[in-house]
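Working notes, beginning with the structure itself.
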Amino acid sequence: MSLKGNRTLDILYKAEREGYGILAQTCPALLQLFPVTLAYGKGPFLKFCLDLAHGSSVPIADPEHLELALTLAEQGIAFDSIMVDASHAETDEENIAIARPYVERALKAGVAVEVELGRLEGGEAGLRMISDAKLTDPNKAKAFIDGTGAIILAPSIGNLHGSYINPPNFKQSILKDLNTMFKGKVPVCLHGTDELPDELFVECIKNGVSKINVNSWARDPYVKALTTGLQSKPFPDAVEEATEVFAGVCVRFFKLFGSAGKA
């Protein structure tokens, strides 16, 4: 199936051309679901998210994570993009061998695929914990993209999932090389953004990143505001107040990433 009109790719290609970043959290935006979230809500919840995203007055795409999502796409609940993460593999060849069948299934359903070359240390909710990071080798990137058949690349540049014990030391040269190689063809995504300073986000966008995954930046203030609000307010009021806190974080990132008003 053709990927013409795919919302994720349309949003990311426009961001890359115009030099701004897209907030992959909830302007244009990408709404992402953790595997554990999708496993809980299944098809009805996915369809709700799709209806919400595609009915928005600004472009919002809906990327997902793997097996259940692909099955739902094959059943006709089509979303925009998916992450196929086989970075736990010992070699690039093994990574390709694991990812390729999923990529082929996704493309048949008109779903764009993001893959990870190298390996990020750390872990996320519902996903495996990784303890041995491996930086992306830009010289292997084209063969990796060609081998997997994927469209979006998440590199390992010194970023990690979770808190940074030491100040982040990102290898910007990797992003520059990938941008030279893939600009206009393969959007580059930044994972592992917890606690990063604003200037590092800006530098990564300048060097070619167009999709930025954000989780705890907005989730944690939302949970804190909701927990506090429930001590003294009715539930609907506490939820509304916490939602405003969440939205405020998103607005800050829209401005920081340069995507405010770009819909």
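To be explicit about the labels: the chains of the structure tokens are called A, B, and onward in the order shown, and within each one the residues are counted from 1, while ligands get numbers from 1 in the order they are shown.
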Using backbone DSSP assignments, extract all alpha helix (DSSP H) residues from stretch 75-214 of chain A; output them as JSON, numbers by chain. {"A": [92, 93, 94, 95, 96, 97, 98, 99, 100, 101, 102, 103, 104, 105, 106, 107, 108, 141, 142, 143, 144, 145, 146, 147, 148, 172, 173, 174, 175, 176, 177, 178, 179, 180, 181, 182, 198, 199, 200, 201, 202, 203, 204, 205, 206]}
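Excluding A:Asn169 and any residue on its chain fewer than 2 positions from it, the residues at most 9 Å away by only C-alpha atoms are Ile157, Gly158, Asn159, Asn166, Pro167, Lys171 and Gln172 of chain A.
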Find the spatial neighbours of A:Val245, counting only C-alpha atoms, within a cut-off of 12 Å - ignore same-chain residues fewer than 6 positions away - and output them as a PyMOL selection string. chain A and resi 217-226+229+238-239+251-252
Residues within 6 Å of A:Ala15, please, as an NGL selection string. Count only C-alpha atoms; anything in the same chain fewer than 4 positions from it doesn't count. :A and (19-20 or 210)
Name the residues in contact with A:Pro155 at a cut-off of 8 Å, using only C-alpha atoms, excluding same-chain residues fewer than 3 positions from it; report them as a list in words. Glu116, Leu117, Gly118, Arg119, Leu135, Thr136, Val188, Cys189 and Leu190 of chain A
Counting only C-alpha atoms, which of A:Leu52, A:Leu33, A:Ala109, A:Leu70 gets nearest to A:Asn6? A:Ala109
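Counting only C-alpha atoms and comparing A:Gly41, A:Gly192, A:Pro35, A:Pro138, the residue that lies closest to A:Leu178 is A:Pro138.
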Looking at A:Leu160, A:Ala141, A:Ala69, A:Ala242, which one is nearest to A:Leu196, with distances taken over only C-alpha atoms?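 Using only C-alpha atoms, A:Leu196 sits closest to A:Leu160.
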As an exercise, work out the distance from atom CA of A:Ser81 to atom CA of A:Val113 in Å and give it to one decimal place. 5.5 Å
For A:Thr180, find every residue with an atom within 12 Å (counting only C-alpha atoms), except residues of its own chain fewer than 5 positions away, and show them as an NGL selection string. :A and (138-139 or 141-142 or 173-175 or 185-188 or 207-209)
Go through A:Glu74, A:Val36, A:Phe45, A:Ile151 one by one, measure the shortest atom-to-atom distance of each to A:Gly184 using only C-alpha atoms, and give the residue with the smallest value.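 Nearest candidate to A:Gly184 out of A:Glu74, A:Val36, A:Phe45, A:Ile151: A:Ile151.
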